[in-house]
file input-v7.txt (compact mmCIF, C-alpha atoms)
# COMPACT_ATOMS: atom_id res chain seq x y z
CA MET B 736 59.91 80.62 97.79
CA SER B 737 59.29 76.91 97.36
CA ASP B 738 55.88 76.47 95.85
CA GLU B 739 56.82 73.65 93.50
CA ILE B 740 57.85 71.38 96.37
CA GLU B 741 55.18 68.78 95.63
CA ALA B 742 56.33 68.40 92.03
CA GLU B 743 59.00 65.71 92.20
CA ILE B 744 61.49 66.61 89.49
CA PRO B 745 61.43 69.79 87.45
CA VAL B 746 60.35 67.90 84.32
CA VAL B 747 61.00 69.79 81.11
CA GLU B 748 57.94 70.42 78.92
CA THR B 749 56.68 67.08 77.63
CA ALA B 750 54.55 66.78 74.48
CA GLY B 751 56.07 68.48 71.46
CA ALA B 752 59.01 69.80 73.46
CA LYS B 753 62.27 70.65 71.74
CA CYS B 754 65.85 70.33 72.87
CA THR B 755 67.19 73.63 74.15
CA ASN B 756 70.50 72.96 72.44
CA CYS B 757 69.60 71.81 68.90
CA ASP B 758 65.81 72.19 68.56
CA ALA B 759 65.31 68.44 67.91
CA PRO B 760 62.03 67.11 69.37
CA PHE B 761 62.19 64.58 72.20
CA GLY B 762 59.91 62.03 73.85
CA GLU B 763 58.48 62.08 77.33
CA ASN B 764 60.94 59.70 78.94
CA ASP B 765 64.06 60.96 77.22
CA ARG B 766 66.80 62.06 79.56
CA PHE B 767 69.32 62.93 76.84
CA CYS B 768 68.71 64.51 73.43
CA ARG B 769 68.78 61.82 70.71
CA ALA B 770 70.36 64.24 68.23
CA CYS B 771 73.02 66.17 70.15
CA GLY B 772 73.44 64.22 73.40
CA VAL B 773 72.80 67.13 75.75
CA GLN B 774 71.25 66.24 79.11
CA LEU B 775 67.58 67.23 79.04
CA VAL B 776 66.63 67.05 82.70
CA PRO B 777 69.08 69.49 84.17
CA PRO B 778 71.05 68.16 87.14
CA GLU B 779 69.93 69.66 90.46
CA ASP B 780 70.81 73.30 90.58
CA GLU B 781 72.54 75.03 93.49
CA ASN B 782 69.23 76.37 94.76
CA ALA B 783 67.70 72.90 95.14
CA ALA B 784 70.77 71.65 97.01
CA TYR B 785 70.62 74.69 99.28
CA LYS B 786 66.91 74.07 99.94
CA LYS B 787 67.64 70.47 100.84
CA TRP B 788 70.35 71.37 103.35
CA ASN B 789 68.16 74.08 104.80
CA ALA B 790 65.36 71.52 105.20
CA ILE B 791 67.71 69.03 106.86
CA ARG B 792 68.98 71.67 109.31
CA GLN B 793 65.43 72.65 110.25
CA LEU B 794 64.44 69.01 110.65
CA ILE B 795 67.36 68.33 112.99
CA LEU B 796 66.61 71.42 115.07
CA PHE B 797 62.93 70.50 115.29
CA PHE B 798 63.70 66.89 116.20
CA VAL B 799 66.19 67.78 118.96
CA ILE B 800 63.96 70.41 120.60
CA GLU B 801 60.89 68.18 120.36
CA GLY B 802 62.95 65.26 121.73
CA ILE B 803 64.20 67.23 124.74
CA ILE B 804 60.72 68.51 125.64
CA CYS B 805 59.14 65.07 125.28
CA ALA B 806 61.95 63.44 127.26
CA CYS B 807 61.42 65.99 130.06
CA SER B 808 57.70 65.33 130.14
CA PHE B 809 58.43 61.67 130.83
CA THR B 810 60.67 62.24 133.85
CA LYS B 811 59.05 62.12 137.27
CA ALA B 812 60.28 65.57 138.33
CA PHE B 813 58.03 67.21 135.78
CA HIS B 814 54.84 65.31 136.61
CA THR B 815 52.74 68.29 137.68
CA LEU B 816 49.95 70.14 135.93
CA GLY B 817 52.01 73.34 135.79
CA TRP B 818 54.84 71.62 133.94
CA LEU B 819 52.41 69.83 131.67
CA ILE B 820 50.82 73.12 130.65
CA PHE B 821 54.25 74.68 130.19
CA MET B 822 55.43 71.85 127.93
CA ASP B 823 52.25 71.66 125.89
CA VAL B 824 52.40 75.42 125.34
CA THR B 825 56.06 75.14 124.32
CA LEU B 826 55.27 72.34 121.86
CA ALA B 827 52.38 74.37 120.45
CA VAL B 828 54.51 77.49 120.06
CA MET B 829 57.22 75.43 118.41
CA ALA B 830 54.80 73.82 115.97
CA ILE B 831 53.36 77.21 115.05
CA THR B 832 56.83 78.74 114.66
CA PHE B 833 58.08 76.01 112.34
CA VAL B 834 54.86 76.09 110.33
CA SER B 835 55.03 79.86 109.89
CA LEU B 836 58.70 79.64 108.92
CA ASN B 837 57.60 77.36 106.07
CA TRP B 838 54.37 79.14 105.32
CA SER B 839 54.52 78.55 101.56
CA ILE B 840 54.60 74.73 101.99
CA CYS B 841 52.19 74.63 104.90
CA ARG B 842 49.49 77.09 103.89
CA PRO B 843 47.69 74.82 101.35
CA LEU B 844 47.43 72.09 104.01
CA LEU B 845 45.58 74.34 106.40
CA LYS B 846 42.69 74.68 103.96
CA TRP B 847 40.04 72.03 103.54
CA HIS B 848 39.57 71.92 99.75
CA ASN B 849 37.51 68.84 99.08
CA PHE B 850 35.45 68.50 102.23
CA SER B 851 33.33 65.37 102.19
CA ALA B 852 31.15 64.66 105.21
CA GLY B 853 30.80 60.97 104.30
CA ARG B 854 34.54 60.45 104.15
CA LEU B 855 35.05 62.32 107.40
CA VAL B 856 32.46 60.20 109.24
CA GLY B 857 33.99 57.04 107.78
CA TYR B 858 37.49 58.00 108.92
CA CYS B 859 36.25 58.98 112.36
CA LEU B 860 34.39 55.68 112.82
CA LEU B 861 37.50 53.77 111.76
CA ALA B 862 39.54 55.82 114.23
CA VAL B 863 37.13 55.02 117.07
CA LEU B 864 37.21 51.30 116.23
CA ALA B 865 41.00 51.31 115.97
CA SER B 866 41.22 53.14 119.27
CA CYS B 867 39.04 50.54 121.00
CA ALA B 868 41.11 47.70 119.58
CA VAL B 869 44.36 49.38 120.58
CA GLY B 870 42.96 50.20 124.02
CA PHE B 871 42.14 46.54 124.72
CA ALA B 872 45.48 45.38 123.36
CA ALA B 873 47.38 47.96 125.40
CA ASP B 874 45.58 47.03 128.60
CA TRP B 875 46.24 43.40 127.98
CA ILE B 876 49.95 44.00 127.29
CA ASN B 877 50.37 46.23 130.33
CA GLU B 878 48.60 43.78 132.60
CA THR B 879 50.38 40.67 131.45
CA LEU B 880 53.87 42.11 131.04
CA PHE B 881 54.03 44.75 133.74
CA SER B 882 50.99 43.82 135.86
CA LYS B 883 49.80 47.43 136.06
CA ARG B 884 47.51 49.75 134.17
CA GLU B 885 48.65 52.93 132.53
CA SER B 886 46.23 55.75 133.05
CA TYR B 887 46.12 59.33 131.96
CA THR B 888 43.06 60.15 133.99
CA LEU B 889 44.70 59.25 137.32
CA PHE B 890 47.18 62.03 136.69
CA PHE B 891 44.40 64.60 136.40
CA ALA B 892 42.27 63.13 139.21
CA SER B 893 43.89 65.27 141.90
CA TYR B 894 43.06 68.53 140.14
CA LYS B 895 39.79 70.37 139.58
CA HIS B 896 37.77 69.35 136.50
CA PRO B 897 39.77 66.20 135.75
CA ILE B 898 37.57 65.19 132.80
CA LEU B 899 37.85 68.56 131.10
CA LEU B 900 41.63 68.63 131.64
CA CYS B 901 41.97 65.13 130.30
CA ILE B 902 40.03 65.96 127.15
CA ILE B 903 41.98 69.16 126.55
CA PHE B 904 45.44 67.69 127.09
CA THR B 905 45.05 64.22 125.62
CA ALA B 906 42.51 64.79 122.85
CA ILE B 907 42.29 68.39 121.67
CA ALA B 908 45.87 69.63 122.00
CA PRO B 909 47.51 66.62 120.24
CA ALA B 910 44.88 66.65 117.48
CA ILE B 911 45.87 70.19 116.55
CA PHE B 912 49.51 70.62 117.49
CA GLU B 913 50.90 67.13 116.87
CA GLU B 914 49.25 67.20 113.47
CA LEU B 915 50.69 70.64 112.76
CA ALA B 916 54.14 69.56 113.87
CA PHE B 917 54.36 66.08 112.32
CA ARG B 918 51.98 66.00 109.37
CA VAL B 919 52.24 69.61 108.24
CA PHE B 920 55.77 70.75 109.04
CA LEU B 921 57.80 67.55 109.40
CA LEU B 922 56.24 65.64 106.51
CA GLY B 923 56.26 68.76 104.31
CA LYS B 924 59.97 69.28 104.94
CA LEU B 925 60.81 65.58 104.54
CA LEU B 926 59.18 65.68 101.12
CA VAL B 927 61.79 68.26 100.10
CA VAL B 928 64.55 65.77 100.86
CA LEU B 929 63.02 62.34 100.21
CA GLU B 930 60.56 60.71 97.88
CA LYS B 931 56.97 60.29 99.02
CA ASN B 932 56.87 56.82 100.58
CA GLN B 933 60.11 57.20 102.50
CA ALA B 934 59.02 60.64 103.74
CA VAL B 935 55.68 59.31 105.00
CA PHE B 936 57.39 56.37 106.71
CA LEU B 937 59.93 58.63 108.42
CA SER B 938 57.29 61.06 109.63
CA ALA B 939 55.33 58.13 111.07
CA PHE B 940 58.47 56.66 112.67
CA MET B 941 59.49 59.95 114.27
CA PHE B 942 55.92 60.55 115.42
CA GLY B 943 55.99 57.09 117.00
CA ILE B 944 59.31 57.29 118.79
CA MET B 945 58.54 60.78 120.10
CA HIS B 946 55.92 59.19 122.35
CA MET B 947 58.82 57.52 124.20
CA SER B 948 56.91 54.33 124.84
CA PHE B 949 58.51 51.73 122.70
CA ILE B 950 55.75 49.16 123.03
CA SER B 951 53.21 51.61 121.67
CA LEU B 952 55.28 51.85 118.47
CA ILE B 953 53.34 48.74 117.38
CA TRP B 954 50.26 50.87 116.81
CA LEU B 955 51.74 54.38 116.62
CA ILE B 956 53.68 53.69 113.41
CA PRO B 957 50.68 52.24 111.51
CA PHE B 958 48.59 55.14 112.82
CA GLY B 959 51.19 57.64 111.61
CA LEU B 960 51.38 55.93 108.21
CA TRP B 961 47.61 55.95 107.82
CA VAL B 962 47.24 59.63 108.74
CA GLY B 963 50.33 60.54 106.69
CA PHE B 964 48.98 58.96 103.52
CA ILE B 965 45.61 60.64 104.04
CA ARG B 966 47.39 63.97 104.43
CA ILE B 967 49.27 63.35 101.16
CA ARG B 968 46.23 62.17 99.23
CA GLN B 969 43.73 64.78 100.45
CA ASN B 970 46.30 67.58 100.72
CA THR B 971 44.84 68.85 103.98
CA MET B 972 45.66 68.33 107.66
CA TRP B 973 42.08 68.40 108.91
CA TYR B 974 41.09 64.79 108.18
CA GLY B 975 44.15 63.72 110.13
CA SER B 976 43.30 66.13 112.89
CA CYS B 977 39.78 64.72 113.23
CA ILE B 978 41.08 61.15 113.15
CA HIS B 979 43.64 61.96 115.82
CA PHE B 980 40.97 63.64 117.96
CA CYS B 981 38.56 60.70 117.65
CA PHE B 982 41.31 58.20 118.45
CA ASN B 983 42.54 60.01 121.56
CA PHE B 984 39.05 61.03 122.68
CA THR B 985 37.96 57.39 122.67
CA VAL B 986 40.93 56.44 124.83
CA CYS B 987 40.10 59.30 127.16
CA ILE B 988 36.40 58.43 127.49
CA SER B 989 37.07 54.72 128.01
CA GLU B 990 39.56 55.52 130.77
CA ILE B 991 37.16 57.91 132.50
CA TRP B 992 34.47 55.26 132.29
CA GLN B 993 36.80 52.55 133.64
CA THR B 994 38.02 54.64 136.58
CA SER B 995 34.51 55.65 137.58
CA TYR B 996 33.49 52.00 137.29
CA HIS B 997 36.33 50.81 139.52
CA HIS B 998 35.51 53.38 142.21
CA MET O 1122 64.48 50.81 81.41
CA GLU O 1123 60.85 49.68 81.44
CA GLU O 1124 59.30 52.92 80.17
CA SER O 1125 61.38 53.15 77.04
CA ILE O 1126 60.12 49.74 75.89
CA THR O 1127 56.53 50.97 75.92
CA ASP O 1128 57.62 54.10 74.05
CA PRO O 1129 56.47 53.50 70.42
CA ILE O 1130 59.52 55.16 68.81
CA ALA O 1131 61.97 53.13 70.83
CA GLN O 1132 60.44 49.74 70.08
CA GLU O 1133 62.44 48.87 66.98
CA GLY O 1134 65.66 50.32 68.40
CA VAL O 1135 68.99 48.75 69.21
CA GLU O 1136 70.05 48.22 72.80
CA CYS O 1137 72.39 50.81 74.23
CA PRO O 1138 75.81 49.29 75.01
CA ALA O 1139 76.18 51.43 78.15
CA CYS O 1140 72.78 51.34 79.86
CA ALA O 1141 69.59 49.26 79.59
CA ALA O 1142 67.71 51.74 77.36
CA ARG O 1143 66.75 51.11 73.73
CA ALA O 1144 67.54 53.76 71.17
CA THR O 1145 66.04 54.20 67.71
CA THR O 1146 68.46 53.16 64.97
CA GLY O 1147 68.73 56.69 63.59
CA ASP O 1148 69.64 58.28 66.93
CA ALA O 1149 73.05 59.81 67.42
CA PHE O 1150 72.84 59.56 71.21
CA CYS O 1151 71.14 57.21 73.66
CA ASN O 1152 68.08 58.90 75.14
CA GLY O 1153 68.62 57.22 78.51
CA CYS O 1154 72.27 57.90 79.28
CA GLY O 1155 73.65 60.08 76.46
CA TYR O 1156 75.94 57.36 74.99
CA PRO O 1157 77.23 58.52 71.57
CA LEU O 1158 75.79 55.69 69.39
CA ASN O 1159 77.18 57.17 66.15
CA GLY O 1160 80.29 58.69 67.73
CA THR O 1161 83.89 57.76 67.00
CA GLU O 1162 85.45 54.90 68.91
CA LYS O 1163 87.42 57.41 70.97
CA ASP O 1164 84.26 59.28 71.97
CA GLN O 1165 82.61 56.02 72.99
CA ARG O 1166 85.64 54.93 75.02
CA MET O 1167 85.77 58.31 76.74
CA PHE O 1168 82.09 58.06 77.59
CA LEU O 1169 82.46 54.56 79.02
CA SER O 1170 85.44 55.52 81.16
CA VAL O 1171 83.53 58.44 82.69
CA ARG O 1172 80.69 56.01 83.35
CA ASP O 1173 83.10 53.55 84.97
CA ALA O 1174 84.41 56.28 87.25
CA LYS O 1175 80.85 56.98 88.37
CA ALA O 1176 80.27 53.26 88.93
CA ILE O 1177 83.32 53.23 91.20
CA ASP O 1178 81.85 56.15 93.18
CA LEU O 1179 78.64 54.17 93.46
CA ASP O 1180 80.57 51.20 94.85
CA ALA O 1181 82.26 53.43 97.42
CA ALA O 1182 78.86 54.82 98.44
CA HIS O 1183 77.46 51.30 98.80
CA LYS O 1184 80.39 50.39 101.03
CA LYS O 1185 79.61 53.29 103.38
CA ILE O 1186 75.94 52.33 103.39
CA ARG O 1187 76.92 48.79 104.39
CA ARG O 1188 79.05 50.22 107.21
CA ALA O 1189 76.02 52.13 108.50
CA SER O 1190 73.93 48.97 108.33
CA THR O 1191 76.63 47.13 110.31
CA ALA O 1192 76.44 49.94 112.87
CA LEU O 1193 72.69 49.33 113.14
CA PHE O 1194 73.25 45.60 113.75
CA VAL O 1195 75.94 46.32 116.36
CA ILE O 1196 73.72 48.75 118.27
CA GLY O 1197 70.82 46.31 118.01
CA ALA O 1198 72.88 43.50 119.51
CA LEU O 1199 74.39 45.72 122.22
CA THR O 1200 70.96 47.06 123.22
CA ALA O 1201 69.54 43.55 123.52
CA VAL O 1202 72.57 42.31 125.49
CA SER O 1203 72.50 45.30 127.84
CA GLY O 1204 68.80 44.62 128.35
CA PHE O 1205 69.60 41.13 129.64
CA ALA O 1206 72.51 42.45 131.72
CA LEU O 1207 70.34 45.13 133.36
CA TYR O 1208 67.63 42.54 133.97
CA ALA O 1209 70.12 40.28 135.76
CA VAL O 1210 71.60 43.10 137.83
CA SER O 1211 68.39 44.98 138.65
CA LYS O 1212 66.94 44.45 142.11
CA ASN O 1213 63.68 46.25 141.53
CA PRO O 1214 61.16 43.65 140.33
CA GLU O 1215 58.76 46.34 139.05
CA THR O 1216 61.09 48.03 136.58
CA LYS O 1217 63.03 44.84 135.77
CA ASN O 1218 60.58 43.56 133.17
CA SER O 1219 59.94 46.85 131.48
CA ILE O 1220 63.69 47.52 131.13
CA LEU O 1221 64.23 44.12 129.52
CA ILE O 1222 61.27 44.45 127.17
CA THR O 1223 62.10 48.02 126.17
CA ASN O 1224 65.66 47.02 125.38
CA LEU O 1225 64.57 43.97 123.40
CA ILE O 1226 62.11 46.03 121.34
CA LEU O 1227 64.76 48.67 120.71
CA GLY O 1228 67.24 45.99 119.68
CA ALA O 1229 64.68 44.45 117.34
CA ILE O 1230 63.95 47.83 115.76
CA TYR O 1231 67.66 48.52 115.16
CA THR O 1232 68.14 45.06 113.65
CA GLY O 1233 65.07 45.46 111.47
CA LEU O 1234 66.34 48.81 110.23
CA GLY O 1235 69.70 47.16 109.53
CA PHE O 1236 68.03 44.67 107.20
CA TRP O 1237 65.80 47.33 105.64
CA CYS O 1238 68.97 49.28 104.88
CA LYS O 1239 69.53 46.94 101.91
CA ILE O 1240 66.27 48.05 100.26
CA LYS O 1241 65.71 51.65 101.35
CA PRO O 1242 69.04 52.81 102.81
CA LEU O 1243 68.22 56.48 103.20
CA ALA O 1244 65.01 56.09 105.19
CA ALA O 1245 66.47 53.21 107.24
CA ILE O 1246 69.61 55.08 108.30
CA ILE O 1247 67.76 58.32 109.09
CA SER O 1248 65.31 56.30 111.22
CA GLY O 1249 68.20 54.61 113.00
CA LEU O 1250 69.98 57.88 113.67
CA SER O 1251 66.84 59.59 114.94
CA LEU O 1252 66.05 56.69 117.27
CA TYR O 1253 69.66 56.63 118.54
CA ALA O 1254 69.58 60.41 119.08
CA LEU O 1255 66.27 60.22 120.92
CA VAL O 1256 67.46 57.46 123.26
CA PHE O 1257 70.56 59.57 123.90
CA ILE O 1258 68.43 62.63 124.72
CA LEU O 1259 66.12 60.61 126.97
CA ASN O 1260 69.06 59.14 128.90
CA ALA O 1261 70.69 62.56 129.15
CA VAL O 1262 67.55 64.13 130.63
CA VAL O 1263 67.08 61.33 133.16
CA ASN O 1264 70.77 61.08 134.05
CA PRO O 1265 73.12 63.73 132.61
CA LEU O 1266 76.16 61.54 133.36
CA THR O 1267 75.24 59.25 130.45
CA ILE O 1268 76.28 62.02 128.03
CA VAL O 1269 79.95 61.32 128.74
CA GLY O 1270 79.64 57.54 129.08
CA GLY O 1271 81.09 55.79 126.05
CA ILE O 1272 81.35 59.09 124.22
CA ILE O 1273 83.95 57.88 121.71
CA PHE O 1274 81.82 54.89 120.74
CA LYS O 1275 78.79 57.16 120.33
CA ILE O 1276 80.71 59.60 118.15
CA ILE O 1277 81.96 56.77 115.92
CA ILE O 1278 78.45 55.34 115.53
CA ILE O 1279 76.92 58.75 114.76
CA GLY O 1280 79.74 59.41 112.27
CA MET O 1281 78.95 56.11 110.51
CA PHE O 1282 75.27 57.03 110.34
CA ILE O 1283 75.95 60.50 108.93
CA ASN O 1284 78.37 59.09 106.34
CA GLY O 1285 75.75 56.47 105.48
CA ILE O 1286 73.07 59.13 104.95
CA LYS O 1287 75.38 61.21 102.74
CA SER O 1288 76.33 58.12 100.73
CA ALA O 1289 72.71 57.04 100.33
CA ILE O 1290 71.84 60.46 98.87
CA GLU O 1291 74.95 60.26 96.65
CA ALA O 1292 74.08 56.73 95.51
CA GLU O 1293 70.54 57.72 94.53
CA LYS O 1294 71.93 60.60 92.49
CA ILE O 1295 74.55 58.46 90.70
CA LYS O 1296 71.98 55.76 89.94
CA LYS O 1297 69.78 58.38 88.30
CA GLU O 1298 72.72 59.65 86.25
CA LEU O 1299 73.80 56.17 85.19
CA ASN O 1300 70.23 55.18 84.31
CA VAL O 1301 70.49 51.80 86.08
call {"tool": "encode", "arguments": {"input": "input-v7.txt", "output": "structure tokens"}}
result
Amino acid sequence: MSDEIEAEIPVVETAGAKCTNCDAPFGENDRFCRACGVQLVPPEDENAAYKKWNAIRQLILFFVIEGIICACSFTKAFHTLGWLIFMDVTLAVMAITFVSLNWSICRPLLKWHNFSAGRLVGYCLLAVLASCAVGFAADWINETLFSKRESYTLFFASYKHPILLCIIFTAIAPAIFEELAFRVFLLGKLLVVLEKNQAVFLSAFMFGIMHMSFISLIWLIPFGLWVGFIRIRQNTMWYGSCIHFCFNFTVCISEIWQTSYHH
Amino acid sequence: MEESITDPIAQEGVECPACAARATTGDAFCNGCGYPLNGTEKDQRMFLSVRDAKAIDLDAAHKKIRRASTALFVIGALTAVSGFALYAVSKNPETKNSILITNLILGAIYTGLGFWCKIKPLAAIISGLSLYALVFILNAVVNPLTIVGGIIFKIIIIGMFINGIKSAIEAEKIKKELNV
């Protein structure tokens, strides 16, 4: 349906091309025929406009549903493991639904074409370092401004297997489903409407604000930009997924270590 | 247009009277905007008047974009002010600080987006609208009464954003057509 999404403008044949109206040859950057004045790059057809509006509608729907679920997960009434599982499953189902609705855009991103172990290790190390830096900064900010520590592990402490739960819900699930939702679906659809840099920025911005903690935007937006550009350059979601996993896993481990240390 | 200068055929050309492109002397039409270089005076006048009409549309679009950027500044200022107000009124010392800081950060983001609107209007306004919508959703989930509070103001602001987004798309399209 929309395989040529990544190509920016439907550029007419370049070298040695001829005007469709008068057969005069034209250069690569010509927008109008030098001989007859006909416009060479056709203005956007109906189909492209329809695709854009369709993309915008899907983006709004996605954003609103995602926003409501995330907003619920931040209200006290829903702070139980049952609700957490329910919401994570809903987010996962939603990500999968939107991805399968746009299978033709998303399918290439689910493959790992140019796997390079060296690059992967490099990215993962960077992610771990960034996570440590962010962890220290976040603790410092929380202690100085709000004189308290935020902790994910405390939430799981009252249940069985707190460490396992923490790793599943804060490291594994986001690495797969947030990446599917934001880097595969959202960024893919934004690219239909916007040019590359703006689309990557918006996907990072929306990814950041969805976390509903406005101080963490300071690192969430750069993180989203980094992963977004990697997704564009490598044309696969899996580098991003691994980076996301390493980042969150480091946070998780350092919190487990800190809580056990304090006890 | 930068590219057409590096184009070897266009180098010795004359400058197009309508756009910034250079056309080869033998060309009947400008390759950048379609201006009839060898056309009659009437043809050329017709072409320029159509171009002027598009330039007027572009102006109108810019005006709507500016309105959206004003909306961003207004929300930014209101968010910051309400942050201080809530800080002064609040009796809970634990949430006091975080309310003030959250509001100040939000205000700063809106203001930043307002300035960014001058460079990349489309991305800036969509960001602003999505942030505004998300804060609305968050407030609505925590306290459903906030949906009705100031509803007319909210509708006006959202209307300005949506018009701004439409105009930004329109402006990008016209700029491409005009080759400016």
call {"tool": "residues_near_point", "arguments": {"input": "input-v7.txt", "point": "(37.1, 52.8, 113.4)", "cutoff": "12 Å", "atoms": "only C-alpha atoms", "output": "number ranges by chain"}}
result
B: 855-869, 958, 978-979, 981-982, 985
call {"tool": "residues_near_point", "arguments": {"input": "input-v7.txt", "point": "(76.3, 58.1, 110.5)", "cutoff": "10 Å", "atoms": "all atoms listed in the file", "output": "ChimeraX atom specification"}}
result
/O:1185-1186,1188-1190,1192-1193,1246-1247,1249-1250,1276-1288
call {"tool": "residues_around", "arguments": {"input": "input-v7.txt", "residues": "Val799 of chain B", "least_positions_apart": "4", "cutoff": "9 Å", "atoms": "only C-alpha atoms", "output": "list in words"}}
result
Leu794, Ile795, Ile803 and Ile804 of chain B; Ala1254, Leu1255 and Ile1258 of chain O
call {"tool": "closest_atom_pairs", "arguments": {"input": "input-v7.txt", "of": "chain B", "to": "chain O", "cutoff": "6 Å", "atoms": "only C-alpha atoms", "output": "Markdown table"}}
result
| residue | atom | partner | partner_atom | distance |
| --- | --- | --- | --- | --- |
| B:Asp765 | CA | O:Asn1152 | CA | 5.0 |
| B:Arg766 | CA | O:Gly1153 | CA | 5.3 |
| B:Phe767 | CA | O:Asn1152 | CA | 4.5 |
| B:Cys768 | CA | O:Asn1152 | CA | 5.9 |
| B:Arg769 | CA | O:Phe1150 | CA | 4.7 |
| B:Ala770 | CA | O:Ala1149 | CA | 5.2 |
| B:Gly772 | CA | O:Gly1155 | CA | 5.2 |
| B:Ala806 | CA | O:Leu1259 | CA | 5.0 |
| B:Gln933 | CA | O:Ala1244 | CA | 5.7 |
call {"tool": "atom_distance", "arguments": {"input": "input-v7.txt", "atom1": "atom CA of Ser995 of chain B", "atom2": "atom CA of Met947 of chain B"}}
result
27.8 Å
call {"tool": "closest_residue", "arguments": {"input": "input-v7.txt", "among": "B:Cys805, B:Glu878, B:Asn849, B:Lys786", "to": "Gly943 of chain B", "atoms": "all atoms listed in the file"}}
result
B:Cys805
call {"tool": "atom_distance", "arguments": {"input": "input-v7.txt", "atom1": "atom CA of Ala1181 of chain O", "atom2": "atom CA of Thr1232 of chain O"}}
result
23.1 Å
call {"tool": "atom_distance", "arguments": {"input": "input-v7.txt", "atom1": "atom CA of Arg918 of chain B", "atom2": "atom CA of Thr832 of chain B"}}
result
14.6 Å
call {"tool": "residues_around", "arguments": {"input": "input-v7.txt", "residues": "Thr755 of chain B", "least_positions_apart": "2", "cutoff": "10 Å", "atoms": "only C-alpha atoms", "output": "number ranges by chain"}}
result
B: 752-753, 757-760, 768, 773-775
call {"tool": "closest_residue", "arguments": {"input": "input-v7.txt", "among": "B:Ala916, B:Cys754, B:Cys987, B:Cys977", "to": "Asn837 of chain B", "atoms": "all atoms listed in the file"}}
result
B:Ala916
call {"tool": "axis_aligned_box", "arguments": {"input": "input-v7.txt", "around": "segment 947-966 of chain B", "padding_each_side": "3 Å", "output": "JSON"}}
result
{"center_x": 52.2, "center_y": 56.4, "center_z": 114.2, "size_x": 19.2, "size_y": 21.2, "size_z": 27.3}
